[in-house]
file run_10.json (JSON, C-alpha atoms)
[["chain", "number", "residue", "atom", "x", "y", "z"],
["A", 2, "MET", "CA", 115.60, 47.46, 54.95],
["A", 3, "GLU", "CA", 115.21, 48.94, 51.47],
["A", 4, "ASP", "CA", 117.44, 46.20, 50.01],
["A", 5, "ILE", "CA", 115.27, 43.53, 51.60],
["A", 6, "ILE", "CA", 112.11, 45.09, 50.16],
["A", 7, "LYS", "CA", 113.76, 45.33, 46.73],
["A", 8, "ASP", "CA", 114.79, 41.65, 46.88],
["A", 9, "LEU", "CA", 111.31, 40.64, 48.04],
["A", 10, "SER", "CA", 109.66, 42.51, 45.21],
["A", 11, "THR", "CA", 112.14, 40.97, 42.74],
["A", 12, "TYR", "CA", 111.97, 37.37, 43.96],
["A", 13, "GLY", "CA", 108.74, 37.76, 45.91],
["A", 14, "TYR", "CA", 106.51, 35.65, 43.70],
["A", 15, "LEU", "CA", 108.92, 32.74, 43.81],
["A", 16, "ILE", "CA", 109.35, 33.04, 47.59],
["A", 17, "LEU", "CA", 105.59, 33.32, 47.98],
["A", 18, "PHE", "CA", 105.04, 30.16, 45.91],
["A", 19, "PHE", "CA", 107.48, 28.00, 47.86],
["A", 20, "TYR", "CA", 106.39, 29.37, 51.24],
["A", 21, "SER", "CA", 102.71, 28.85, 50.38],
["A", 22, "LEU", "CA", 103.28, 25.17, 49.65],
["A", 23, "SER", "CA", 103.25, 24.62, 53.41],
["A", 24, "GLY", "CA", 100.92, 27.36, 54.59],
["A", 25, "GLY", "CA", 102.21, 30.76, 53.65],
["A", 26, "ILE", "CA", 100.13, 33.06, 55.82],
["A", 27, "VAL", "CA", 103.10, 35.27, 56.65],
["A", 28, "ALA", "CA", 104.33, 35.38, 53.06],
["A", 29, "LEU", "CA", 100.86, 36.23, 51.72],
["A", 30, "VAL", "CA", 100.43, 39.00, 54.28],
["A", 31, "ALA", "CA", 103.88, 40.36, 53.39],
["A", 32, "ALA", "CA", 103.02, 40.18, 49.68],
["A", 33, "GLY", "CA", 99.74, 42.02, 50.35],
["A", 34, "ILE", "CA", 101.61, 44.75, 52.19],
["A", 35, "LEU", "CA", 104.19, 45.03, 49.39],
["A", 36, "SER", "CA", 101.32, 45.15, 46.89],
["A", 37, "SER", "CA", 99.70, 48.02, 48.77],
["A", 38, "GLN", "CA", 102.98, 49.89, 48.45],
["A", 39, "GLY", "CA", 103.18, 49.18, 44.71],
["A", 40, "SER", "CA", 106.07, 46.68, 44.82],
["A", 41, "MET", "CA", 104.03, 43.65, 43.76],
["A", 42, "ASN", "CA", 100.76, 42.88, 41.97],
["A", 43, "ILE", "CA", 98.06, 41.68, 44.39],
["A", 44, "TRP", "CA", 96.28, 39.53, 41.80],
["A", 45, "ILE", "CA", 99.45, 37.64, 40.92],
["A", 46, "CYS", "CA", 100.23, 37.24, 44.63],
["A", 47, "ILE", "CA", 96.78, 35.78, 45.35],
["A", 48, "ALA", "CA", 96.93, 33.43, 42.35],
["A", 49, "THR", "CA", 100.46, 32.28, 43.27],
["A", 50, "ALA", "CA", 99.63, 31.63, 46.92],
["A", 51, "MET", "CA", 96.38, 29.88, 46.02],
["A", 52, "ALA", "CA", 98.00, 27.56, 43.46],
["A", 53, "ALA", "CA", 100.89, 26.69, 45.78],
["A", 54, "ASN", "CA", 98.54, 26.02, 48.69],
["A", 55, "ILE", "CA", 96.40, 23.65, 46.60],
["A", 56, "ILE", "CA", 99.49, 21.82, 45.34],
["A", 57, "GLY", "CA", 100.99, 21.59, 48.85],
["A", 58, "ASP", "CA", 97.84, 20.12, 50.40],
["A", 59, "ALA", "CA", 97.38, 17.62, 47.57],
["A", 60, "ALA", "CA", 101.02, 16.55, 47.90],
["A", 61, "LEU", "CA", 100.65, 16.00, 51.66],
["A", 62, "VAL", "CA", 97.53, 13.86, 51.17],
["A", 63, "TRP", "CA", 99.19, 11.86, 48.42],
["A", 64, "LEU", "CA", 102.39, 11.43, 50.45],
["A", 65, "SER", "CA", 100.60, 10.22, 53.57],
["A", 66, "ARG", "CA", 98.21, 7.98, 51.63],
["A", 67, "TYR", "CA", 100.76, 6.18, 49.48],
["A", 68, "ASN", "CA", 103.98, 6.50, 51.54],
["A", 69, "LYS", "CA", 102.84, 5.98, 55.12],
["A", 70, "SER", "CA", 106.03, 4.24, 56.16],
["A", 71, "ALA", "CA", 108.14, 7.18, 54.97],
["A", 72, "VAL", "CA", 105.97, 9.76, 56.77],
["A", 73, "MET", "CA", 105.48, 7.97, 60.08],
["A", 74, "PRO", "CA", 108.97, 8.60, 61.57],
["A", 75, "TYR", "CA", 108.46, 12.36, 61.16],
["A", 76, "ILE", "CA", 105.11, 12.48, 62.94],
["A", 77, "LYS", "CA", 105.73, 10.01, 65.78],
["A", 78, "LYS", "CA", 105.87, 12.86, 68.31],
["A", 79, "HIS", "CA", 102.68, 14.38, 66.91],
["A", 80, "ARG", "CA", 100.43, 11.32, 66.96],
["A", 81, "ARG", "CA", 98.02, 12.85, 69.47],
["A", 82, "LYS", "CA", 97.73, 16.03, 67.41],
["A", 83, "LEU", "CA", 97.16, 13.89, 64.34],
["A", 84, "ALA", "CA", 94.43, 12.00, 66.20],
["A", 85, "LEU", "CA", 92.84, 15.34, 67.17],
["A", 86, "SER", "CA", 92.90, 16.37, 63.50],
["A", 87, "HIS", "CA", 91.28, 13.07, 62.55],
["A", 88, "LEU", "CA", 88.50, 13.59, 65.13],
["A", 89, "LEU", "CA", 87.93, 17.14, 63.90],
["A", 90, "ILE", "CA", 87.62, 15.85, 60.33],
["A", 91, "LYS", "CA", 85.08, 13.23, 61.40],
["A", 92, "ARG", "CA", 83.01, 15.76, 63.36],
["A", 93, "GLN", "CA", 83.26, 18.81, 61.10],
["A", 94, "GLY", "CA", 84.13, 17.40, 57.66],
["A", 95, "ALA", "CA", 84.41, 20.10, 55.02],
["A", 96, "LYS", "CA", 84.42, 22.94, 57.56],
["A", 97, "ILE", "CA", 87.68, 21.80, 59.12],
["A", 98, "ILE", "CA", 89.31, 21.37, 55.70],
["A", 99, "ILE", "CA", 88.49, 24.98, 54.89],
["A", 100, "MET", "CA", 89.29, 26.35, 58.35],
["A", 101, "GLN", "CA", 92.65, 24.55, 58.54],
["A", 102, "LYS", "CA", 93.95, 27.05, 56.01],
["A", 103, "PHE", "CA", 93.62, 29.80, 58.61],
["A", 104, "ILE", "CA", 94.91, 27.89, 61.67],
["A", 105, "TYR", "CA", 98.66, 27.59, 61.84],
["A", 106, "GLY", "CA", 99.09, 24.21, 63.53],
["A", 107, "LEU", "CA", 96.44, 22.36, 61.54],
["A", 108, "LYS", "CA", 97.68, 23.32, 58.08],
["A", 109, "THR", "CA", 99.95, 20.29, 57.80],
["A", 110, "LEU", "CA", 98.20, 17.88, 60.12],
["A", 111, "VAL", "CA", 94.76, 17.85, 58.46],
["A", 112, "PRO", "CA", 96.01, 16.79, 55.00],
["A", 113, "LEU", "CA", 98.23, 14.16, 56.63],
["A", 114, "ALA", "CA", 95.27, 12.86, 58.67],
["A", 115, "ILE", "CA", 93.12, 12.71, 55.56],
["A", 116, "GLY", "CA", 95.83, 10.78, 53.75],
["A", 117, "PHE", "CA", 95.93, 8.19, 56.55],
["A", 118, "THR", "CA", 92.17, 7.66, 56.33],
["A", 119, "LYS", "CA", 89.90, 6.52, 53.52],
["A", 120, "TYR", "CA", 88.56, 10.04, 52.92],
["A", 121, "PRO", "CA", 88.07, 10.48, 49.15],
["A", 122, "ILE", "CA", 90.99, 12.41, 47.68],
["A", 123, "LEU", "CA", 88.86, 14.04, 44.97],
["A", 124, "ARG", "CA", 86.42, 15.41, 47.57],
["A", 125, "PHE", "CA", 89.35, 16.68, 49.65],
["A", 126, "ASN", "CA", 90.93, 18.38, 46.63],
["A", 127, "ILE", "CA", 87.66, 20.14, 45.72],
["A", 128, "ILE", "CA", 87.09, 21.35, 49.29],
["A", 129, "SER", "CA", 90.78, 22.27, 49.63],
["A", 130, "THR", "CA", 90.57, 24.34, 46.43],
["A", 131, "ILE", "CA", 87.57, 26.23, 47.78],
["A", 132, "GLY", "CA", 89.40, 26.77, 51.07],
["A", 133, "ALA", "CA", 92.58, 27.92, 49.30],
["A", 134, "CYS", "CA", 90.59, 30.44, 47.22],
["A", 135, "LEU", "CA", 88.88, 31.79, 50.32],
["A", 136, "TRP", "CA", 92.15, 31.86, 52.27],
["A", 137, "ALA", "CA", 94.08, 33.63, 49.50],
["A", 138, "PHE", "CA", 91.41, 36.28, 48.93],
["A", 139, "VAL", "CA", 90.80, 36.97, 52.62],
["A", 140, "MET", "CA", 94.45, 37.09, 53.64],
["A", 141, "GLY", "CA", 95.67, 38.75, 50.43],
["A", 142, "PHE", "CA", 93.10, 41.50, 50.20],
["A", 143, "GLY", "CA", 92.94, 41.91, 53.97],
["A", 144, "SER", "CA", 96.66, 42.64, 54.13],
["A", 145, "TYR", "CA", 96.48, 44.70, 50.95],
["A", 146, "TYR", "CA", 93.84, 47.03, 52.35],
["A", 147, "ALA", "CA", 95.48, 47.12, 55.77],
["A", 148, "GLY", "CA", 98.94, 47.69, 54.27],
["A", 149, "THR", "CA", 99.26, 51.29, 55.42],
["A", 150, "TYR", "CA", 98.35, 50.28, 58.97],
["A", 151, "PHE", "CA", 100.88, 47.44, 58.86],
["A", 152, "ALA", "CA", 103.56, 49.87, 57.66],
["A", 153, "LYS", "CA", 102.88, 52.16, 60.64],
["A", 154, "PHE", "CA", 102.85, 49.12, 62.93],
["A", 155, "PHE", "CA", 106.25, 47.94, 61.64],
["A", 156, "ASN", "CA", 107.71, 51.42, 61.98],
["A", 157, "VAL", "CA", 106.90, 51.29, 65.69],
["A", 158, "PHE", "CA", 108.67, 47.93, 65.97],
["A", 159, "SER", "CA", 111.71, 49.12, 64.04],
["A", 160, "ASP", "CA", 112.30, 51.61, 66.86],
["A", 161, "LYS", "CA", 111.61, 49.03, 69.60],
["A", 162, "PRO", "CA", 112.32, 45.52, 68.24],
["A", 163, "TYR", "CA", 112.03, 43.87, 71.64],
["A", 164, "ILE", "CA", 108.25, 44.46, 71.59],
["A", 165, "ALA", "CA", 107.89, 42.35, 68.44],
["A", 166, "LEU", "CA", 109.88, 39.55, 70.05],
["A", 167, "ILE", "CA", 107.66, 39.61, 73.14],
["A", 168, "ILE", "CA", 104.49, 39.49, 71.03],
["A", 169, "LEU", "CA", 105.89, 36.64, 68.92],
["A", 170, "LEU", "CA", 106.83, 34.64, 72.02],
["A", 171, "VAL", "CA", 103.36, 35.17, 73.52],
["A", 172, "LEU", "CA", 101.66, 34.01, 70.29],
["A", 173, "VAL", "CA", 103.86, 30.93, 70.00],
["A", 174, "GLY", "CA", 103.25, 30.18, 73.68],
["A", 175, "LEU", "CA", 99.48, 30.45, 73.25],
["A", 176, "ILE", "CA", 99.50, 28.12, 70.23],
["A", 177, "TRP", "CA", 101.75, 25.63, 72.03],
["A", 178, "THR", "CA", 99.57, 25.74, 75.16],
["A", 179, "TYR", "CA", 96.41, 25.19, 73.12],
["A", 180, "PHE", "CA", 97.79, 22.13, 71.38],
["A", 181, "ASN", "CA", 99.14, 20.68, 74.62],
["A", 182, "PHE", "CA", 95.76, 21.22, 76.27],
["A", 183, "ALA", "CA", 93.76, 19.88, 73.32],
["A", 184, "THR", "CA", 95.88, 16.73, 73.01],
["A", 185, "LYS", "CA", 96.39, 16.08, 76.72],
["A", 186, "LYS", "CA", 95.92, 12.49, 77.70],
["A", 187, "ASN", "CA", 93.01, 12.05, 80.13],
["A", 188, "LYS", "CA", 94.14, 10.22, 83.23],
["A", 189, "PRO", "CA", 91.68, 7.71, 84.67],
["A", 190, "PRO", "CA", 90.25, 8.55, 88.09],
["A", 191, "LEU", "CA", 91.73, 6.74, 91.10]]

call {"tool": "encode", "arguments": {"input": "run_10.json", "output": "structure tokens"}}
result
Amino acid sequence: MEDIIKDLSTYGYLILFFYSLSGGIVALVAAGILSSQGSMNIWICIATAMAANIIGDAALVWLSRYNKSAVMPYIKKHRRKLALSHLLIKRQGAKIIIMQKFIYGLKTLVPLAIGFTKYPILRFNIISTIGACLWAFVMGFGSYYAGTYFAKFFNVFSDKPYIALIILLVLVGLIWTYFNFATKKNKPPL
């Protein structure tokens, strides 16, 4: 465990950057916890995650806007979820662009949906930057200040690792159930 923490504090900023290109909630929380223990600098972690998140979202919008044919085979199974993202963007606008940073399943779908539409890229990038700043500060400082509690929490799971697996499976199941329910095709009445 100590070797892993040493490697994370050595290569942590690089790992945080690449992981934050596509979301990075877990990496930012881990970096906040390591920062609270003195292994990393919280300000550098927040700046790294924020920059990577902005770049990742802009790349997804650009990719889906100008390379639709290359992206479509990868999202064929997720067309209903993409349509849900598109509806959320139409209804909520800037709020959903900011909130997608905090919701695991929407992080990739919202920028892709925006790229498929005629939504102005400059407006998206400005709102995405605001959202990335908010996301990085909330998640970074939240995990930084809760780092001692997280350390106690992980110590409990190191003794009983099966509890962490059960909690992870329940969370994944809840997210999966939500998306299946939200994108369920309405059957016409008989």

call {"tool": "residues_around", "arguments": {"input": "run_10.json", "residues": "stretch 56-72 of chain A", "least_positions_apart": "3", "cutoff": "8 Å", "atoms": "only C-alpha atoms", "output": "MDAnalysis selection string"}}
result
chainID A and resid 21:23 52:53 75:76 109 112:118 122 126 129

call {"tool": "closest_residue", "arguments": {"input": "run_10.json", "among": "A:Cys134, A:Ala147, A:Ile90, A:Leu110", "to": "A:Val30", "atoms": "all atoms listed in the file"}}
result
A:Ala147

call {"tool": "closest_residue", "arguments": {"input": "run_10.json", "among": "A:Gly13, A:Gly33, A:Gly39, A:Gly25", "to": "A:Phe142", "atoms": "all atoms listed in the file"}}
result
A:Gly33

call {"tool": "closest_residue", "arguments": {"input": "run_10.json", "among": "A:Ala95, A:Ile127, A:Tyr145, A:Val111", "to": "A:Asn42", "atoms": "only C-alpha atoms"}}
result
A:Tyr145

call {"tool": "closest_residue", "arguments": {"input": "run_10.json", "among": "A:Thr11, A:Ile34, A:Tyr105, A:Lys96", "to": "A:Tyr150", "atoms": "only C-alpha atoms"}}
result
A:Ile34

call {"tool": "closest_residue", "arguments": {"input": "run_10.json", "among": "A:Val171, A:Asn156, A:Ala165, A:Thr184", "to": "A:Leu88", "atoms": "only C-alpha atoms"}}
result
A:Thr184

call {"tool": "residues_around", "arguments": {"input": "run_10.json", "residues": "A:Lys185", "least_positions_apart": "3", "cutoff": "12 Å", "atoms": "all atoms listed in the file", "output": "JSON, numbers by chain"}}
result
{"A": [79, 80, 81, 82, 84, 85, 177, 178, 179, 180, 181, 182, 188]}

call {"tool": "atom_distance", "arguments": {"input": "run_10.json", "atom1": "atom CA of A:Ile104", "atom2": "atom CA of A:Ile26"}}
result
9.4 Å

call {"tool": "closest_residue", "arguments": {"input": "run_10.json", "among": "A:Ser144, A:Thr130, A:Gln93, A:Ser86", "to": "A:Ile55", "atoms": "all atoms listed in the file"}}
result
A:Thr130

call {"tool": "atom_distance", "arguments": {"input": "run_10.json", "atom1": "atom CA of A:Phe154", "atom2": "atom CA of A:Ser40"}}
result
18.6 Å

call {"tool": "residues_around", "arguments": {"input": "run_10.json", "residues": "stretch 16-19 of chain A", "least_positions_apart": "5", "cutoff": "6 Å", "atoms": "only C-alpha atoms", "output": "PyMOL selection string"}}
result
chain A and resi 28+49-50+53
